[in-house]
Amino acid sequence: MGNRTISLTVNGKAVSAAVEDRTLLIHLLRDQMNLTGPHIGCDTSHCGACTVDLDGRSVKACTVFAVQADGGSVLTIEGMVAPDGTLHALQQAFREHHGLQCGFCTPGMITRAYRLLQENPDPTEEEVRMGISGNLCRCTGYQNIVKAILSAAQTLRTDVQLEAAE
């Protein structure tokens, strides 16, 4: 099993890395790129703590080989923060609405919610619950997570309306 050099964009930056064919995307991100936001929870795609955005879709990085991301674009929780340090509306809403307790699921939950709101900017509570159903939280009971996502959706829609009016 040899090494292969792959190139991809991670959080807006072009990077390349030497990986074995069997290297999982989560290990590339955490071990080689020091992006520790995505967590390793179950290693079986059940918990969603490792969720990242790959080429415009949510994926569980513990089940994607790094070579499958070659040429692709990856967004992690770290890439959601603005260059000036301003939190993304989802990150801010999780903070304001207490959408986390231990925080282990939070990066994957927020990254999944990001894609959900890209696909459906005005979801109902039921649509949010369905949209995050592949991400497990053992602490919160989901109520505040859903509240945070709905709040962020409203903020993002308002921001888009303000930009359109300018």
# chains A, B, ... in the order shown; residues from 1 in each chain; ligands from 1
$ residues_around --residues "A:Ala18" --least-positions-apart "3" --cutoff "7 Å" --atoms "only C-alpha atoms" --output "PyMOL selection string"
chain A and resi 3-6
$ residues_around --residues "A:Leu54" --least-positions-apart "2" --cutoff "7 Å" --atoms "only C-alpha atoms" --output "ChimeraX atom specification"
/A:52,56-59,72-75
$ closest_atom_pairs --of "stretch 5-119 of chain A" --to "stretch 136-155 of chain A" --cutoff "12 Å" --atoms "only C-alpha atoms" --output "tab-separated table"
residue	atom	partner	partner_atom	distance
A:Gly41	CA	A:Leu136	CA	10.0
A:Cys42	CA	A:Leu136	CA	10.6
A:Ser45	CA	A:Leu136	CA	10.5
A:His46	CA	A:Leu136	CA	7.7
A:Cys47	CA	A:Leu136	CA	5.0
A:Gly48	CA	A:Leu136	CA	6.4
A:Ala49	CA	A:Leu136	CA	7.6
A:Cys50	CA	A:Leu136	CA	11.0
A:Thr51	CA	A:Leu136	CA	11.0
A:Leu87	CA	A:Ala152	CA	11.4
A:His88	CA	A:Ala152	CA	8.8
A:Ala89	CA	A:Ala152	CA	5.3
A:Leu90	CA	A:Ala152	CA	5.1
A:Gln91	CA	A:Ala152	CA	8.4
A:Gln92	CA	A:Ala152	CA	7.9
A:Ala93	CA	A:Ala148	CA	4.9
A:Phe94	CA	A:Ala148	CA	5.1
A:Arg95	CA	A:Ala148	CA	8.2
A:Glu96	CA	A:Ala148	CA	7.6
A:His97	CA	A:Ala148	CA	5.5
A:His98	CA	A:Asn144	CA	6.0
A:Gly99	CA	A:Ile145	CA	4.3
A:Leu100	CA	A:Thr140	CA	6.6
A:Gln101	CA	A:Cys139	CA	6.2
A:Cys102	CA	A:Cys139	CA	7.0
A:Gly103	CA	A:Cys139	CA	8.9
A:Phe104	CA	A:Cys137	CA	8.2
A:Cys105	CA	A:Cys137	CA	5.9
A:Thr106	CA	A:Cys137	CA	8.3
A:Pro107	CA	A:Cys137	CA	11.3
A:Gly108	CA	A:Leu136	CA	9.3
A:Met109	CA	A:Leu136	CA	8.1
A:Ile110	CA	A:Ile149	CA	8.3
A:Thr111	CA	A:Ile149	CA	11.0
A:Arg112	CA	A:Ile149	CA	10.3
A:Ala113	CA	A:Ile149	CA	6.7
A:Tyr114	CA	A:Ile149	CA	8.8
A:Arg115	CA	A:Ile149	CA	11.3
A:Leu116	CA	A:Ile149	CA	9.4
A:Leu117	CA	A:Ala153	CA	6.6
A:Gln118	CA	A:Ala153	CA	9.5
A:Glu119	CA	A:Ala153	CA	11.3
$ write_last_selection --atoms "N, CA and C atoms" --output "CSV table (one decimal), in the first residue's frame"
chain,number,residue,atom,x,y,z
A,41,GLY,N,-16.2,9.9,16.7
A,41,GLY,CA,-17.1,9.4,17.7
A,41,GLY,C,-17.2,7.9,17.7
A,42,CYS,N,-17.8,7.4,16.6
A,42,CYS,CA,-18.2,6.0,16.6
A,42,CYS,C,-17.4,5.2,15.6
A,45,SER,N,-20.2,5.8,11.2
A,45,SER,CA,-21.1,6.7,10.6
A,45,SER,C,-22.4,6.9,11.3
A,46,HIS,N,-22.5,6.4,12.5
A,46,HIS,CA,-23.8,6.5,13.2
A,46,HIS,C,-24.0,7.8,13.9
A,47,CYS,N,-22.9,8.4,14.5
A,47,CYS,CA,-23.1,9.5,15.4
A,47,CYS,C,-23.1,10.9,14.7
A,48,GLY,N,-22.3,11.0,13.6
A,48,GLY,CA,-22.3,12.3,12.9
A,48,GLY,C,-21.3,13.3,13.4
A,49,ALA,N,-20.6,13.0,14.5
A,49,ALA,CA,-19.6,14.0,15.1
A,49,ALA,C,-18.5,14.4,14.1
A,50,CYS,N,-18.3,13.6,13.1
A,50,CYS,CA,-17.3,13.8,12.1
A,50,CYS,C,-17.8,14.5,10.8
A,51,THR,N,-19.0,14.9,10.8
A,51,THR,CA,-19.6,15.5,9.6
A,51,THR,C,-18.9,16.7,9.1
A,87,LEU,N,-18.2,34.9,14.3
A,87,LEU,CA,-18.9,33.5,14.2
A,87,LEU,C,-19.9,33.5,13.1
A,88,HIS,N,-20.1,32.4,12.4
A,88,HIS,CA,-21.1,32.2,11.5
A,88,HIS,C,-22.5,32.2,12.2
A,89,ALA,N,-23.5,32.6,11.6
A,89,ALA,CA,-24.8,32.7,12.2
A,89,ALA,C,-25.2,31.4,13.0
A,90,LEU,N,-24.9,30.3,12.4
A,90,LEU,CA,-25.2,29.0,13.1
A,90,LEU,C,-24.4,28.9,14.4
A,91,GLN,N,-23.1,29.2,14.4
A,91,GLN,CA,-22.3,29.1,15.6
A,91,GLN,C,-22.8,30.1,16.6
A,92,GLN,N,-23.1,31.3,16.2
A,92,GLN,CA,-23.7,32.3,17.2
A,92,GLN,C,-25.0,31.8,17.7
A,93,ALA,N,-25.8,31.3,16.9
A,93,ALA,CA,-27.2,30.8,17.4
A,93,ALA,C,-27.0,29.7,18.4
A,94,PHE,N,-26.1,28.7,18.1
A,94,PHE,CA,-25.9,27.6,19.1
A,94,PHE,C,-25.4,28.2,20.4
A,95,ARG,N,-24.6,29.2,20.4
A,95,ARG,CA,-24.1,29.9,21.6
A,95,ARG,C,-25.3,30.6,22.3
A,96,GLU,N,-26.1,31.3,21.6
A,96,GLU,CA,-27.2,32.1,22.2
A,96,GLU,C,-28.3,31.3,22.7
A,97,HIS,N,-28.6,30.2,22.0
A,97,HIS,CA,-29.7,29.3,22.3
A,97,HIS,C,-29.4,28.1,23.1
A,98,HIS,N,-28.1,28.0,23.6
A,98,HIS,CA,-27.6,26.9,24.4
A,98,HIS,C,-27.8,25.6,23.7
A,99,GLY,N,-27.4,25.5,22.4
A,99,GLY,CA,-27.6,24.3,21.6
A,99,GLY,C,-26.5,23.3,21.8
A,100,LEU,N,-25.8,23.4,22.9
A,100,LEU,CA,-24.7,22.4,23.2
A,100,LEU,C,-24.6,22.3,24.7
A,101,GLN,N,-24.1,21.1,25.1
A,101,GLN,CA,-23.7,20.9,26.5
A,101,GLN,C,-22.3,20.5,26.5
A,102,CYS,N,-22.1,19.2,26.2
A,102,CYS,CA,-20.7,18.8,26.3
A,102,CYS,C,-19.9,19.3,25.1
A,103,GLY,N,-20.6,19.5,24.0
A,103,GLY,CA,-19.9,20.0,22.8
A,103,GLY,C,-19.4,19.0,21.8
A,104,PHE,N,-19.4,17.8,22.1
A,104,PHE,CA,-18.8,16.7,21.3
A,104,PHE,C,-19.5,16.7,19.9
A,105,CYS,N,-20.8,16.7,19.9
A,105,CYS,CA,-21.5,16.6,18.6
A,105,CYS,C,-21.6,17.9,17.9
A,106,THR,N,-21.3,19.0,18.5
A,106,THR,CA,-21.6,20.3,18.0
A,106,THR,C,-20.9,20.6,16.7
A,107,PRO,N,-19.6,20.4,16.4
A,107,PRO,CA,-19.1,20.7,15.1
A,107,PRO,C,-19.8,20.0,14.0
A,108,GLY,N,-20.0,18.7,14.1
A,108,GLY,CA,-20.7,17.9,13.1
A,108,GLY,C,-22.2,18.4,13.0
A,109,MET,N,-22.8,18.7,14.1
A,109,MET,CA,-24.2,19.2,14.0
A,109,MET,C,-24.3,20.5,13.3
A,110,ILE,N,-23.4,21.5,13.6
A,110,ILE,CA,-23.4,22.8,12.9
A,110,ILE,C,-23.1,22.6,11.5
A,111,THR,N,-22.1,21.8,11.1
A,111,THR,CA,-21.7,21.6,9.7
A,111,THR,C,-22.9,21.0,9.0
A,112,ARG,N,-23.6,20.0,9.6
A,112,ARG,CA,-24.7,19.5,8.9
A,112,ARG,C,-25.8,20.5,8.8
A,113,ALA,N,-26.1,21.3,9.8
A,113,ALA,CA,-27.1,22.4,9.7
A,113,ALA,C,-26.7,23.4,8.6
A,114,TYR,N,-25.5,23.6,8.5
A,114,TYR,CA,-25.0,24.6,7.4
A,114,TYR,C,-25.5,24.1,6.0
A,115,ARG,N,-25.3,22.8,5.7
A,115,ARG,CA,-25.7,22.2,4.5
A,115,ARG,C,-27.3,22.2,4.4
A,116,LEU,N,-27.9,21.9,5.5
A,116,LEU,CA,-29.4,21.8,5.5
A,116,LEU,C,-29.9,23.2,5.1
A,117,LEU,N,-29.3,24.3,5.7
A,117,LEU,CA,-29.9,25.6,5.4
A,117,LEU,C,-29.5,26.1,4.0
A,118,GLN,N,-28.4,25.5,3.4
A,118,GLN,CA,-28.1,25.8,2.0
A,118,GLN,C,-29.2,25.2,1.1
A,119,GLU,N,-29.6,24.0,1.5
A,119,GLU,CA,-30.6,23.3,0.7
A,119,GLU,C,-32.0,23.8,0.9
$ closest_residue --among "A:Arg129, A:Arg157, A:His27, A:Arg22" --to "A:Val67" --atoms "only C-alpha atoms"
A:Arg22
$ atom_distance --atom1 "atom CA of A:Asp43" --atom2 "atom CA of A:Val19"
18.7 Å
$ decode --residues "stretch 28-78 of chain A" --atoms "N, CA and C atoms" --output "PDB file, in the first residue's frame"
ATOM      1  N   LEU A  28      -7.031  12.510   7.894  1.00  0.00           N
ATOM      2  CA  LEU A  28      -6.296  13.537   7.165  1.00  0.00           C
ATOM      3  C   LEU A  28      -6.554  14.895   7.809  1.00  0.00           C
ATOM      4  N   LEU A  29      -7.801  15.210   8.053  1.00  0.00           N
ATOM      5  CA  LEU A  29      -8.151  16.509   8.630  1.00  0.00           C
ATOM      6  C   LEU A  29      -7.566  16.686  10.028  1.00  0.00           C
ATOM      7  N   ARG A  30      -7.757  15.703  10.879  1.00  0.00           N
ATOM      8  CA  ARG A  30      -7.329  15.837  12.275  1.00  0.00           C
ATOM      9  C   ARG A  30      -5.823  15.648  12.451  1.00  0.00           C
ATOM     10  N   ASP A  31      -5.277  14.602  11.858  1.00  0.00           N
ATOM     11  CA  ASP A  31      -3.890  14.233  12.139  1.00  0.00           C
ATOM     12  C   ASP A  31      -2.869  14.982  11.291  1.00  0.00           C
ATOM     13  N   GLN A  32      -3.195  15.229  10.029  1.00  0.00           N
ATOM     14  CA  GLN A  32      -2.235  15.875   9.153  1.00  0.00           C
ATOM     15  C   GLN A  32      -2.473  17.378   9.020  1.00  0.00           C
ATOM     16  N   MET A  33      -3.717  17.800   9.136  1.00  0.00           N
ATOM     17  CA  MET A  33      -4.025  19.214   8.945  1.00  0.00           C
ATOM     18  C   MET A  33      -4.342  19.929  10.254  1.00  0.00           C
ATOM     19  N   ASN A  34      -4.337  19.188  11.347  1.00  0.00           N
ATOM     20  CA  ASN A  34      -4.591  19.731  12.681  1.00  0.00           C
ATOM     21  C   ASN A  34      -5.938  20.463  12.780  1.00  0.00           C
ATOM     22  N   LEU A  35      -6.923  19.994  12.033  1.00  0.00           N
ATOM     23  CA  LEU A  35      -8.282  20.518  12.116  1.00  0.00           C
ATOM     24  C   LEU A  35      -9.071  19.564  13.009  1.00  0.00           C
ATOM     25  N   THR A  36      -9.115  19.892  14.277  1.00  0.00           N
ATOM     26  CA  THR A  36      -9.683  18.975  15.262  1.00  0.00           C
ATOM     27  C   THR A  36     -11.148  19.265  15.584  1.00  0.00           C
ATOM     28  N   GLY A  37     -11.771  20.149  14.818  1.00  0.00           N
ATOM     29  CA  GLY A  37     -13.201  20.404  15.012  1.00  0.00           C
ATOM     30  C   GLY A  37     -14.030  19.162  14.758  1.00  0.00           C
ATOM     31  N   PRO A  38     -13.889  18.542  13.583  1.00  0.00           N
ATOM     32  CA  PRO A  38     -14.630  17.294  13.356  1.00  0.00           C
ATOM     33  C   PRO A  38     -14.116  16.215  14.321  1.00  0.00           C
ATOM     34  N   HIS A  39     -15.015  15.605  15.036  1.00  0.00           N
ATOM     35  CA  HIS A  39     -14.620  14.618  16.050  1.00  0.00           C
ATOM     36  C   HIS A  39     -14.781  13.187  15.551  1.00  0.00           C
ATOM     37  N   ILE A  40     -13.997  12.313  16.125  1.00  0.00           N
ATOM     38  CA  ILE A  40     -14.136  10.882  15.873  1.00  0.00           C
ATOM     39  C   ILE A  40     -14.975  10.331  17.009  1.00  0.00           C
ATOM     40  N   GLY A  41     -16.178   9.899  16.679  1.00  0.00           N
ATOM     41  CA  GLY A  41     -17.078   9.408  17.708  1.00  0.00           C
ATOM     42  C   GLY A  41     -17.221   7.910  17.676  1.00  0.00           C
ATOM     43  N   CYS A  42     -17.838   7.414  16.622  1.00  0.00           N
ATOM     44  CA  CYS A  42     -18.186   5.995  16.591  1.00  0.00           C
ATOM     45  C   CYS A  42     -17.398   5.202  15.550  1.00  0.00           C
ATOM     46  N   ASP A  43     -16.789   5.883  14.581  1.00  0.00           N
ATOM     47  CA  ASP A  43     -16.057   5.227  13.484  1.00  0.00           C
ATOM     48  C   ASP A  43     -16.952   4.352  12.612  1.00  0.00           C
ATOM     49  N   THR A  44     -18.261   4.501  12.721  1.00  0.00           N
ATOM     50  CA  THR A  44     -19.171   3.662  11.928  1.00  0.00           C
ATOM     51  C   THR A  44     -20.244   4.474  11.214  1.00  0.00           C
ATOM     52  N   SER A  45     -20.151   5.764  11.203  1.00  0.00           N
ATOM     53  CA  SER A  45     -21.072   6.704  10.563  1.00  0.00           C
ATOM     54  C   SER A  45     -22.406   6.856  11.281  1.00  0.00           C
ATOM     55  N   HIS A  46     -22.520   6.371  12.484  1.00  0.00           N
ATOM     56  CA  HIS A  46     -23.788   6.462  13.200  1.00  0.00           C
ATOM     57  C   HIS A  46     -23.976   7.778  13.949  1.00  0.00           C
ATOM     58  N   CYS A  47     -22.893   8.371  14.461  1.00  0.00           N
ATOM     59  CA  CYS A  47     -23.080   9.509  15.366  1.00  0.00           C
ATOM     60  C   CYS A  47     -23.051  10.863  14.677  1.00  0.00           C
ATOM     61  N   GLY A  48     -22.311  11.015  13.598  1.00  0.00           N
ATOM     62  CA  GLY A  48     -22.266  12.287  12.881  1.00  0.00           C
ATOM     63  C   GLY A  48     -21.315  13.323  13.442  1.00  0.00           C
ATOM     64  N   ALA A  49     -20.562  12.989  14.483  1.00  0.00           N
ATOM     65  CA  ALA A  49     -19.626  13.958  15.066  1.00  0.00           C
ATOM     66  C   ALA A  49     -18.535  14.375  14.081  1.00  0.00           C
ATOM     67  N   CYS A  50     -18.307  13.562  13.068  1.00  0.00           N
ATOM     68  CA  CYS A  50     -17.253  13.828  12.079  1.00  0.00           C
ATOM     69  C   CYS A  50     -17.788  14.499  10.815  1.00  0.00           C
ATOM     70  N   THR A  51     -19.031  14.949  10.824  1.00  0.00           N
ATOM     71  CA  THR A  51     -19.643  15.502   9.614  1.00  0.00           C
ATOM     72  C   THR A  51     -18.904  16.742   9.132  1.00  0.00           C
ATOM     73  N   VAL A  52     -18.604  16.737   7.839  1.00  0.00           N
ATOM     74  CA  VAL A  52     -18.023  17.887   7.143  1.00  0.00           C
ATOM     75  C   VAL A  52     -18.798  18.084   5.852  1.00  0.00           C
ATOM     76  N   ASP A  53     -18.562  19.203   5.208  1.00  0.00           N
ATOM     77  CA  ASP A  53     -19.194  19.471   3.922  1.00  0.00           C
ATOM     78  C   ASP A  53     -18.159  19.169   2.844  1.00  0.00           C
ATOM     79  N   LEU A  54     -18.479  18.271   1.935  1.00  0.00           N
ATOM     80  CA  LEU A  54     -17.575  17.895   0.844  1.00  0.00           C
ATOM     81  C   LEU A  54     -18.294  18.138  -0.471  1.00  0.00           C
ATOM     82  N   ASP A  55     -17.777  19.078  -1.229  1.00  0.00           N
ATOM     83  CA  ASP A  55     -18.354  19.402  -2.543  1.00  0.00           C
ATOM     84  C   ASP A  55     -19.866  19.638  -2.482  1.00  0.00           C
ATOM     85  N   GLY A  56     -20.281  20.373  -1.459  1.00  0.00           N
ATOM     86  CA  GLY A  56     -21.688  20.747  -1.388  1.00  0.00           C
ATOM     87  C   GLY A  56     -22.622  19.698  -0.838  1.00  0.00           C
ATOM     88  N   ARG A  57     -22.080  18.738  -0.104  1.00  0.00           N
ATOM     89  CA  ARG A  57     -22.967  17.770   0.552  1.00  0.00           C
ATOM     90  C   ARG A  57     -22.353  17.348   1.884  1.00  0.00           C
ATOM     91  N   SER A  58     -23.203  17.035   2.814  1.00  0.00           N
ATOM     92  CA  SER A  58     -22.737  16.579   4.120  1.00  0.00           C
ATOM     93  C   SER A  58     -22.237  15.154   4.002  1.00  0.00           C
ATOM     94  N   VAL A  59     -21.048  14.905   4.536  1.00  0.00           N
ATOM     95  CA  VAL A  59     -20.516  13.546   4.583  1.00  0.00           C
ATOM     96  C   VAL A  59     -19.953  13.281   5.970  1.00  0.00           C
ATOM     97  N   LYS A  60     -19.958  12.042   6.320  1.00  0.00           N
ATOM     98  CA  LYS A  60     -19.346  11.625   7.572  1.00  0.00           C
ATOM     99  C   LYS A  60     -17.910  11.228   7.243  1.00  0.00           C
ATOM    100  N   ALA A  61     -16.982  12.041   7.695  1.00  0.00           N
ATOM    101  CA  ALA A  61     -15.578  11.914   7.301  1.00  0.00           C
ATOM    102  C   ALA A  61     -14.928  10.625   7.789  1.00  0.00           C
ATOM    103  N   CYS A  62     -15.591   9.893   8.676  1.00  0.00           N
ATOM    104  CA  CYS A  62     -15.040   8.609   9.134  1.00  0.00           C
ATOM    105  C   CYS A  62     -15.327   7.488   8.143  1.00  0.00           C
ATOM    106  N   THR A  63     -16.133   7.788   7.114  1.00  0.00           N
ATOM    107  CA  THR A  63     -16.462   6.752   6.130  1.00  0.00           C
ATOM    108  C   THR A  63     -16.064   7.150   4.711  1.00  0.00           C
ATOM    109  N   VAL A  64     -15.307   8.234   4.583  1.00  0.00           N
ATOM    110  CA  VAL A  64     -14.839   8.703   3.277  1.00  0.00           C
ATOM    111  C   VAL A  64     -13.318   8.596   3.270  1.00  0.00           C
ATOM    112  N   PHE A  65     -12.784   7.956   2.248  1.00  0.00           N
ATOM    113  CA  PHE A  65     -11.329   7.912   2.117  1.00  0.00           C
ATOM    114  C   PHE A  65     -10.833   9.275   1.648  1.00  0.00           C
ATOM    115  N   ALA A  66      -9.679   9.681   2.136  1.00  0.00           N
ATOM    116  CA  ALA A  66      -9.105  10.963   1.736  1.00  0.00           C
ATOM    117  C   ALA A  66      -8.939  11.038   0.223  1.00  0.00           C
ATOM    118  N   VAL A  67      -8.566   9.911  -0.416  1.00  0.00           N
ATOM    119  CA  VAL A  67      -8.386   9.922  -1.875  1.00  0.00           C
ATOM    120  C   VAL A  67      -9.697  10.217  -2.603  1.00  0.00           C
ATOM    121  N   GLN A  68     -10.831   9.936  -1.971  1.00  0.00           N
ATOM    122  CA  GLN A  68     -12.122  10.253  -2.578  1.00  0.00           C
ATOM    123  C   GLN A  68     -12.374  11.761  -2.594  1.00  0.00           C
ATOM    124  N   ALA A  69     -11.684  12.493  -1.737  1.00  0.00           N
ATOM    125  CA  ALA A  69     -11.829  13.947  -1.679  1.00  0.00           C
ATOM    126  C   ALA A  69     -10.829  14.648  -2.596  1.00  0.00           C
ATOM    127  N   ASP A  70      -9.972  13.891  -3.270  1.00  0.00           N
ATOM    128  CA  ASP A  70      -8.971  14.473  -4.166  1.00  0.00           C
ATOM    129  C   ASP A  70      -9.662  15.374  -5.194  1.00  0.00           C
ATOM    130  N   GLY A  71      -9.205  16.615  -5.279  1.00  0.00           N
ATOM    131  CA  GLY A  71      -9.787  17.568  -6.204  1.00  0.00           C
ATOM    132  C   GLY A  71     -11.032  18.248  -5.671  1.00  0.00           C
ATOM    133  N   GLY A  72     -11.467  17.866  -4.491  1.00  0.00           N
ATOM    134  CA  GLY A  72     -12.703  18.389  -3.922  1.00  0.00           C
ATOM    135  C   GLY A  72     -12.491  19.570  -3.001  1.00  0.00           C
ATOM    136  N   SER A  73     -13.593  20.025  -2.453  1.00  0.00           N
ATOM    137  CA  SER A  73     -13.595  21.151  -1.529  1.00  0.00           C
ATOM    138  C   SER A  73     -14.268  20.714  -0.233  1.00  0.00           C
ATOM    139  N   VAL A  74     -13.549  20.891   0.875  1.00  0.00           N
ATOM    140  CA  VAL A  74     -14.030  20.471   2.196  1.00  0.00           C
ATOM    141  C   VAL A  74     -14.217  21.703   3.076  1.00  0.00           C
ATOM    142  N   LEU A  75     -15.337  21.739   3.778  1.00  0.00           N
ATOM    143  CA  LEU A  75     -15.590  22.774   4.773  1.00  0.00           C
ATOM    144  C   LEU A  75     -15.762  22.088   6.117  1.00  0.00           C
ATOM    145  N   THR A  76     -14.992  22.538   7.107  1.00  0.00           N
ATOM    146  CA  THR A  76     -15.127  22.046   8.470  1.00  0.00           C
ATOM    147  C   THR A  76     -15.645  23.193   9.337  1.00  0.00           C
ATOM    148  N   ILE A  77     -15.925  22.916  10.574  1.00  0.00           N
ATOM    149  CA  ILE A  77     -16.406  23.939  11.502  1.00  0.00           C
ATOM    150  C   ILE A  77     -15.421  25.098  11.579  1.00  0.00           C
ATOM    151  N   GLU A  78     -14.124  24.818  11.470  1.00  0.00           N
ATOM    152  CA  GLU A  78     -13.117  25.874  11.541  1.00  0.00           C
ATOM    153  C   GLU A  78     -13.258  26.860  10.389  1.00  0.00           C
TER     154      GLU A  78
END
